[in-house]
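Q: My questions will all concern the structure given below.
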Amino acid sequence: GALTVAGLQSTVTVYRDQNGVPNIYADNTHDLFFAQGYVQAQDRLFQMDFQRRVGLGRLSEVLGEATLKTDQFLRTLGSGRAAAEDLAMLSDDTLAILQAYADGVNAFIAANPDKLPVEFRILGYTPEPWQPLHSVAWGKMMAWNLGGNWETELMTAQLIEALGPEAAATLMARYPEEGPFIIPPEVKSFAGLGQIDMSQVWAIKRLLKVNDPGVGSNNWVVAGSRTTTGMPLLANDPHLGMQIPSVWYANGLHGAGFDVVGVVFPGVPGVVIGHNSRIAWGVTNLGPDVQDMFIEKINPDNPNQYEFQGQWLDMQVIEEPILVKGRTEPVIQTVRITRHGPIMNAVSSDIGESAPPLAMQWTALQGTPLSQAILRIDQAQNWEQFRAALQDFAVPAQNFVYADVEGNIGYQAPGWIPIRAAGDGTVPVPGWTGEYEWTGFIPYEELPFVFNPSVGYVATANNQAVPDSYPYLLTTDWAAPYRAQRIVELIESKPQLSPEDFAAIQGDVHPVPTDIFTPLLEPVDLAGGSAAVQQARAALLAWNRQMAADSAEPLIFELYQQKLISETLGDEIVAAGGEELAAAYLSGFRNNSTQAVQRLTAEPDNIWWDDVRTPAVERRDDIVARALTLAVAELQGRFGDNAARWRWGDAHWTNFDHLVFAAVSPLDGIFNRSIPAMGSSFTVNAAGVDYDDLTMNSGASFRQIIDLGDLNASQFIYTTGQSGNVFSPHYDDMVQPWQGVQYIPLRFDQADIQQTAQETLVLQPAAQ
């Protein structure tokens, strides 16, 4: 139909296809982004409101005491303060687009006071007007999603304190085996660092649906010389948390210098991943170390001063008022900020000798022009313009793959990545000496990139981006290489690849660790084992090593792998550091623990195979046998004695949980969706495995395959549906095709968009 909307300058037409995906056509930039804000609010207003409240630490205003500590953490972190700094860095054109987008959101809110999403009525509040700050704040939370090095620093410090540096290096499995593990000489002990309250970190991860320690992404681009179409093909599947509605929103923007389709985060203008008429791109997380924890010395006579190079400096002290539903007065959160950043363990614990103050330095806590970068990428017409746009993509640093209609392919890693005067960012360092300061960022022209590589493809899966000879430190904590190995293997398995081959790669469920850990079972003596254990070994050895949802072998393997890792490494951690440290390591550092045991498999007599609880168990084969025995016993307890009835999908469920009502009965039954999952944490078709209950907690949040030979033949899918309205047919209509690795058209040609439109909305300006 047609609507008259105050604030428009000219007529805008919105075509929606059978999946509810809008393509917006406008005559000028203001109207294009005004309409994008209006249309996104039609579909996702509650999600947008929830996300801005996360970014600004304002959940408790509508959710009450349950989220107070989370808000205190977010206010201390300062994502909202940093977002305000972003606005000061943006060009006038970018600010105008953000304002036009906000005006569109607000026009929808004003025109539909009685038709707002049902969540607002259930929670009893009305959304406030949208501001440009709100769009920028979510970028900070996505940077938080994709960063986590500070947690790695704290875990490393605790492992050093409990087991010593050599054992810690083995457990974290990221240092060169021949290299030293350096403890800053000024820090005599890391005792107390484990006392920082991580509960709110995990609460935020649950809010953002990113509580899988192995979360990552895949992308690859192949030159026309290696494709059946003769032109480049580009694939991308970012791995994020599972939620409903999806973290992504698909749309097309056409007019006023924009002609682009793809996906964006609700509440944000533009397109983050997709293609325009000339170029296509996809992203994965580079994962550089852009977070450092500094141990500060506080003036015993003045808690608002800290030492730096022999002088007492004043902290910046900020009072953050937090409104809490049900309280008449706000809760005041006092934030203390040093030259390195906010003191994070002051959120919920006293600073003292037992809990030294830890300040976080993080690139995202300063102003960054990210919004500007996204809009410039959308308009780029070639490799040079694309690279120029990425100079503003400060954080989160990503692996961008590129292709264009001229047949070129490329890769660029942008981002503000710090250069340290000393240290490698692996452990907390003293803040008072000045020796470990950041001295600048890696120059953009010296960041990793490649254009038209001779091999004919580029593939990334959060794996190490550059060889050790690269002159700058990006990080010491890369993702395990398993997904990257498998993608390269499949790309190189054929001389030419088709779009269907790309889809098969995105759907691949063969995890490389099965090739490492399954053969260990063959020589093991199970003569004293039960018939069920014997049968389990026989099944695994005959298995095709595909993590299919309807098979028993993936279920047996996943438990066996977990037990193998915990029985090899966990007993030593428990003995030295306690059950809590062991649980945190095993559940939170899957990449590290899996690689650590992989390296140990080549040394069957290594001391790590000794069992501190059962001295008689002293060799690798003994641990392998016990791991399988324990796995089978647990499976019998959970699924019964009849192994023929076990299925991976019975345990490994994808739970699309609602942002707020996920665990609120009976609303959970209305808003949540679930479906059996295939894959695992290390398959290309990623399906992160929760350590405790085996459910899926992250995976391919979105898949795209772009054909540079025929852009209109490009295709995509994401997890749930286009709408956040639980009563809409588009609330969950993508769940089944997403699970089956099926796709829907990513339409681009205007004639095709008009001919296939299921709904057409004309937005008309109000009379002046």
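As shown in the structure tokens, the chain order sets the letters A, B, ...; within each chain, residues go from 1, and ligands are also counted from 1 in the order they appear.
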DSSP says alpha helix (DSSP H) for which residues of segment 285-515 of chain A? Put them as a ChimeraX atom specification?
A: /A:370-379,383-390,482-491,499-506,513-515
Q: Please produce an output containing N, CA, C and O atoms for each residue in the selection, written as a compact mmCIF listing (two decimals), in the first residue's frame.
A:
```
# COMPACT_ATOMS: atom_id res chain seq x y z
N LEU A 370 33.96 3.63 12.49
CA LEU A 370 33.45 2.39 11.89
C LEU A 370 32.24 2.63 10.99
O LEU A 370 32.15 2.08 9.89
N SER A 371 31.28 3.44 11.46
CA SER A 371 30.08 3.68 10.65
C SER A 371 30.43 4.25 9.29
O SER A 371 29.82 3.91 8.27
N GLN A 372 31.41 5.12 9.28
CA GLN A 372 31.86 5.74 8.04
C GLN A 372 32.46 4.70 7.10
O GLN A 372 32.22 4.72 5.88
N ALA A 373 33.22 3.76 7.66
CA ALA A 373 33.85 2.72 6.85
C ALA A 373 32.80 1.87 6.14
O ALA A 373 32.93 1.56 4.95
N ILE A 374 31.74 1.50 6.86
CA ILE A 374 30.71 0.64 6.27
C ILE A 374 30.07 1.32 5.07
O ILE A 374 29.88 0.71 4.01
N LEU A 375 29.73 2.59 5.21
CA LEU A 375 29.08 3.31 4.12
C LEU A 375 30.02 3.51 2.94
O LEU A 375 29.60 3.47 1.78
N ARG A 376 31.30 3.71 3.21
CA ARG A 376 32.27 3.86 2.11
C ARG A 376 32.49 2.53 1.38
O ARG A 376 32.64 2.51 0.15
N ILE A 377 32.49 1.42 2.12
CA ILE A 377 32.60 0.11 1.47
C ILE A 377 31.42 -0.12 0.53
O ILE A 377 31.56 -0.61 -0.60
N ASP A 378 30.21 0.25 1.00
CA ASP A 378 29.01 0.05 0.20
C ASP A 378 29.09 0.74 -1.16
O ASP A 378 28.50 0.28 -2.14
N GLN A 379 29.83 1.85 -1.21
CA GLN A 379 29.91 2.63 -2.45
C GLN A 379 31.18 2.36 -3.26
O GLN A 379 31.31 2.87 -4.38
N TRP A 383 39.13 -2.20 -6.24
CA TRP A 383 40.04 -2.61 -5.17
C TRP A 383 40.62 -1.41 -4.44
O TRP A 383 40.71 -1.40 -3.22
N GLU A 384 41.03 -0.39 -5.19
CA GLU A 384 41.65 0.77 -4.56
C GLU A 384 40.66 1.49 -3.65
O GLU A 384 41.00 1.87 -2.52
N GLN A 385 39.43 1.69 -4.11
CA GLN A 385 38.43 2.35 -3.28
C GLN A 385 38.03 1.48 -2.08
O GLN A 385 37.77 1.99 -0.98
N PHE A 386 37.99 0.20 -2.30
CA PHE A 386 37.67 -0.74 -1.21
C PHE A 386 38.73 -0.65 -0.11
O PHE A 386 38.40 -0.51 1.08
N ARG A 387 39.99 -0.72 -0.49
CA ARG A 387 41.07 -0.63 0.50
C ARG A 387 41.07 0.73 1.20
O ARG A 387 41.33 0.81 2.41
N ALA A 388 40.77 1.78 0.45
CA ALA A 388 40.73 3.10 1.06
C ALA A 388 39.61 3.18 2.10
O ALA A 388 39.79 3.77 3.18
N ALA A 389 38.46 2.58 1.80
CA ALA A 389 37.35 2.58 2.76
C ALA A 389 37.72 1.84 4.03
O ALA A 389 37.34 2.23 5.14
N LEU A 390 38.49 0.75 3.89
CA LEU A 390 38.83 -0.07 5.05
C LEU A 390 39.81 0.61 6.00
O LEU A 390 40.01 0.14 7.12
N TYR A 482 41.80 -26.10 12.11
CA TYR A 482 41.07 -27.22 11.54
C TYR A 482 40.11 -26.81 10.43
O TYR A 482 40.05 -27.45 9.37
N ARG A 483 39.31 -25.76 10.64
CA ARG A 483 38.38 -25.35 9.59
C ARG A 483 39.12 -24.87 8.35
O ARG A 483 38.73 -25.19 7.21
N ALA A 484 40.18 -24.11 8.55
CA ALA A 484 40.96 -23.62 7.41
C ALA A 484 41.57 -24.78 6.62
O ALA A 484 41.56 -24.77 5.37
N GLN A 485 42.09 -25.79 7.32
CA GLN A 485 42.66 -26.95 6.64
C GLN A 485 41.62 -27.64 5.76
O GLN A 485 41.89 -28.02 4.61
N ARG A 486 40.43 -27.79 6.31
CA ARG A 486 39.38 -28.49 5.58
C ARG A 486 38.90 -27.67 4.37
O ARG A 486 38.68 -28.22 3.28
N ILE A 487 38.75 -26.36 4.53
CA ILE A 487 38.32 -25.52 3.41
C ILE A 487 39.33 -25.58 2.27
O ILE A 487 38.96 -25.76 1.10
N VAL A 488 40.61 -25.44 2.59
CA VAL A 488 41.64 -25.50 1.56
C VAL A 488 41.65 -26.86 0.88
O VAL A 488 41.77 -26.97 -0.35
N GLU A 489 41.51 -27.91 1.68
CA GLU A 489 41.45 -29.26 1.10
C GLU A 489 40.32 -29.39 0.09
O GLU A 489 40.50 -29.94 -1.00
N LEU A 490 39.14 -28.84 0.42
CA LEU A 490 37.99 -28.96 -0.47
C LEU A 490 38.12 -28.04 -1.68
O LEU A 490 37.71 -28.41 -2.78
N ILE A 491 38.69 -26.86 -1.50
CA ILE A 491 38.92 -25.97 -2.65
C ILE A 491 39.87 -26.62 -3.64
O ILE A 491 39.65 -26.56 -4.86
N PRO A 499 29.05 -22.90 -7.97
CA PRO A 499 28.30 -22.43 -6.79
C PRO A 499 27.80 -23.60 -5.94
O PRO A 499 27.74 -23.48 -4.71
N GLU A 500 27.44 -24.71 -6.59
CA GLU A 500 26.98 -25.88 -5.83
C GLU A 500 28.12 -26.46 -4.99
O GLU A 500 27.89 -26.95 -3.86
N ASP A 501 29.34 -26.42 -5.51
CA ASP A 501 30.49 -26.86 -4.73
C ASP A 501 30.70 -25.96 -3.51
O ASP A 501 31.04 -26.43 -2.42
N PHE A 502 30.50 -24.66 -3.71
CA PHE A 502 30.63 -23.73 -2.59
C PHE A 502 29.60 -24.07 -1.50
O PHE A 502 29.91 -24.04 -0.31
N ALA A 503 28.38 -24.38 -1.92
CA ALA A 503 27.35 -24.74 -0.95
C ALA A 503 27.73 -26.02 -0.21
O ALA A 503 27.51 -26.14 1.01
N ALA A 504 28.32 -26.98 -0.92
CA ALA A 504 28.75 -28.22 -0.27
C ALA A 504 29.85 -27.96 0.75
O ALA A 504 29.88 -28.59 1.82
N ILE A 505 30.74 -27.03 0.44
CA ILE A 505 31.80 -26.70 1.41
C ILE A 505 31.18 -26.05 2.64
O ILE A 505 31.52 -26.38 3.78
N GLN A 506 30.23 -25.11 2.44
CA GLN A 506 29.60 -24.48 3.59
C GLN A 506 28.82 -25.49 4.43
O GLN A 506 28.66 -25.30 5.65
N PRO A 513 39.67 -32.88 13.79
CA PRO A 513 40.06 -33.65 14.99
C PRO A 513 39.64 -35.10 14.98
O PRO A 513 40.25 -35.93 15.67
N THR A 514 38.62 -35.47 14.20
CA THR A 514 38.26 -36.90 14.13
C THR A 514 39.39 -37.70 13.50
O THR A 514 39.58 -38.88 13.82
N ASP A 515 40.16 -37.07 12.60
CA ASP A 515 41.28 -37.77 11.97
C ASP A 515 42.47 -37.88 12.92
O ASP A 515 43.39 -38.67 12.67
```
Q: Need to verify the contact set: Asp732 of chain A, 8 Å, only C-alpha atoms, exclusion of same-chain residues closer than 5 positions in sequence. Can you return it as an MDAnalysis selection string?
A: chainID A and resid 673 720:722
Q: Suppose we keep N, CA, C and O atoms; can you now write the selection as a PDB file, in the first residue's frame?
A:
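File written: result.pdb
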```
ATOM      1  N   ARG A 673      12.575 -21.039  19.353  1.00  0.00           N
ATOM      2  CA  ARG A 673      12.503 -22.106  18.358  1.00  0.00           C
ATOM      3  C   ARG A 673      13.721 -23.017  18.545  1.00  0.00           C
ATOM      4  O   ARG A 673      14.790 -22.560  18.953  1.00  0.00           O
ATOM      5  N   THR A 720      16.901 -17.507  11.121  1.00  0.00           N
ATOM      6  CA  THR A 720      15.514 -17.613  11.583  1.00  0.00           C
ATOM      7  C   THR A 720      14.529 -17.030  10.585  1.00  0.00           C
ATOM      8  O   THR A 720      13.776 -17.744   9.949  1.00  0.00           O
ATOM      9  N   GLY A 721      14.525 -15.717  10.417  1.00  0.00           N
ATOM     10  CA  GLY A 721      13.589 -15.071   9.518  1.00  0.00           C
ATOM     11  C   GLY A 721      13.775 -13.573   9.546  1.00  0.00           C
ATOM     12  O   GLY A 721      14.473 -13.027  10.399  1.00  0.00           O
ATOM     13  N   GLN A 722      13.133 -12.908   8.622  1.00  0.00           N
ATOM     14  CA  GLN A 722      13.334 -11.474   8.447  1.00  0.00           C
ATOM     15  C   GLN A 722      12.656 -10.650   9.536  1.00  0.00           C
ATOM     16  O   GLN A 722      13.102  -9.559   9.866  1.00  0.00           O
TER      17      GLN A 722
END
```
Q: For segment 313-322 of chain A, list every protein, DNA or RNA residue within 12 Å, evaluated using only C-alpha atoms, and leave out those in the same chain fewer than 5 positions away; present the list as a ChimeraX atom specification.
A: /A:53,56-62,64-65,67-78,80-81,296-299,302-308,327-343,347,359,431-432
Q: Identify, with DSSP run on backbone atoms, the residues in segment 485-708 of chain A assigned to strand (DSSP E), and express the list as a list in words.
A: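 The residues of segment 485-708 of chain A classed as strand (DSSP E) are Trp653, Thr654, Asn655, Phe656, Asp657, His658, Arg673, Ser674, Ile675, Pro676, Ala687, Gly688, Val689, Met696, Asn697, Ser698, Gly699, Ala700, Phe702, Arg703, Gln704, Ile705, Ile706 and Asp707 of chain A.
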Q: Find, counting only C-alpha atoms, the residue in A:Phe108, A:Tyr731, A:Phe716, A:Trp416 that gets nearest to Asn672 of chain A.
A: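 Checking each of A:Phe108, A:Tyr731, A:Phe716, A:Trp416 against Asn672 of chain A, counting only C-alpha atoms, the winner is A:Tyr731.
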Q: Within 12 Å of Gln715 of chain A, counting only C-alpha atoms, which residues show up once you throw out same-chain ones fewer than 3 positions away? Write them as a PyMOL selection string, please.
A: chain A and resi 233-236+250+261-263+274-275+499-500+502-503+702-708+710-712+718+741-748
Q: Contacts of Gly415 of chain A at 6 Å or less, counting only C-alpha atoms, minus same-chain residues fewer than 2 places along, as number ranges by chain?
A: A: 393-395, 397, 417
Q: For the residues in the current selection, export C-alpha atoms as a PDB file, in the first residue's frame.
A:
```pdb
ATOM      1  CA  PHE A 393      37.477   0.003   9.770  1.00  0.00           C
ATOM      2  CA  ALA A 394      39.302   0.366  13.071  1.00  0.00           C
ATOM      3  CA  VAL A 395      37.636  -2.226  15.295  1.00  0.00           C
ATOM      4  CA  ALA A 397      39.655  -5.973  12.946  1.00  0.00           C
ATOM      5  CA  ILE A 417      46.354  -3.110  16.076  1.00  0.00           C
TER       6      ILE A 417
END
```
Q: Would you pick out the contacts of Thr228 of chain A at 9 Å or less, using only C-alpha atoms, so that residues sharing its chain but fewer than 5 positions from it are not included, and give the list as a PyMOL selection string?
A: chain A and resi 496-499
Q: Restricting it to C-alpha atoms, dump the selection as an mmCIF file, in the first residue's frame.
A:
```cif
data_model
loop_
_atom_site.group_PDB
_atom_site.id
_atom_site.type_symbol
_atom_site.label_atom_id
_atom_site.label_comp_id
_atom_site.auth_asym_id
_atom_site.auth_seq_id
_atom_site.Cartn_x
_atom_site.Cartn_y
_atom_site.Cartn_z
ATOM 1 C CA GLN A 496 37.056 -25.783 -11.106
ATOM 2 C CA LEU A 497 34.426 -25.080 -8.484
ATOM 3 C CA SER A 498 30.754 -24.298 -9.034
ATOM 4 C CA PRO A 499 28.305 -22.435 -6.794
#
```
Q: Which residues are near segment 623-638 of chain A? Cut-off 6 Å, only C-alpha atoms, ignore same chain within fewer than 5 positions. Put them as a list of chain:residue names.
A: A:Val533, A:Leu559, A:Tyr560, A:Lys563, A:Leu564
Q: So the first atom is atom CA of Gly679 of chain A and the second is atom CA of Ala480 of chain A; what is the distance between them in Å, to one decimal place?
A: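 Between atom CA of Gly679 of chain A and atom CA of Ala480 of chain A the gap is 16.1 Å.
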Q: Sorted by chain and rising residue number, list the residues of segment 371-445 of chain A at most 8 Å from segment 469-475 of chain A (counting only C-alpha atoms), each with its closest atom pair and distance in Å to one decimal, as CSV.
A:
```
residue,atom,partner,partner_atom,distance
A:Ile417,CA,A:Leu474,CA,7.0
A:Ile419,CA,A:Leu473,CA,7.5
A:Asp424,CA,A:Leu473,CA,7.4
A:Gly425,CA,A:Thr475,CA,7.7
A:Ile442,CA,A:Tyr472,CA,7.3
```
Q: Can I get the selection written as an mmCIF file, in the first residue's frame, with N, CA, C and O atoms?
A:
```cif
data_model
loop_
_atom_site.group_PDB
_atom_site.id
_atom_site.type_symbol
_atom_site.label_atom_id
_atom_site.label_comp_id
_atom_site.auth_asym_id
_atom_site.auth_seq_id
_atom_site.Cartn_x
_atom_site.Cartn_y
_atom_site.Cartn_z
ATOM 1 N N ILE A 417 45.705 -2.023 15.337
ATOM 2 C CA ILE A 417 46.354 -3.110 16.076
ATOM 3 C C ILE A 417 47.589 -2.535 16.761
ATOM 4 O O ILE A 417 48.482 -1.997 16.094
ATOM 5 N N ILE A 419 51.057 -1.519 18.694
ATOM 6 C CA ILE A 419 52.477 -1.855 18.791
ATOM 7 C C ILE A 419 52.880 -1.620 20.240
ATOM 8 O O ILE A 419 52.649 -0.538 20.791
ATOM 9 N N ASP A 424 54.194 -9.268 24.937
ATOM 10 C CA ASP A 424 53.469 -9.808 23.785
ATOM 11 C C ASP A 424 51.976 -9.924 24.029
ATOM 12 O O ASP A 424 51.268 -10.595 23.284
ATOM 13 N N GLY A 425 51.472 -9.281 25.085
ATOM 14 C CA GLY A 425 50.038 -9.263 25.318
ATOM 15 C C GLY A 425 49.450 -10.549 25.833
ATOM 16 O O GLY A 425 48.231 -10.696 25.870
ATOM 17 N N ILE A 442 49.914 -0.511 14.053
ATOM 18 C CA ILE A 442 50.565 -0.966 12.826
ATOM 19 C C ILE A 442 50.090 -0.096 11.667
ATOM 20 O O ILE A 442 48.878 0.075 11.474
#
```
Q: Using only C-alpha atoms, can you tell me which of A:Asp650, A:Glu85, A:Glu445, A:Asp508 comes closest to Ala552 of chain A?
A: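 Ranking A:Asp650, A:Glu85, A:Glu445, A:Asp508 by distance to Ala552 of chain A, first place goes to A:Asp650.
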Q: Figure out the distance between atom CA of Ile753 of chain A and atom CA of Asn23 of chain A, please, to one decimal in Å.
A: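 That distance, rounded to one decimal, is 7.6 Å.
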Q: Which residue is closest to Arg52 of chain A? Choose from A:Phe265, A:Trp220, A:Tyr249, A:Tyr457 and count only C-alpha atoms.
A: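 Of the candidates, the smallest distance to Arg52 of chain A is held by A:Phe265.
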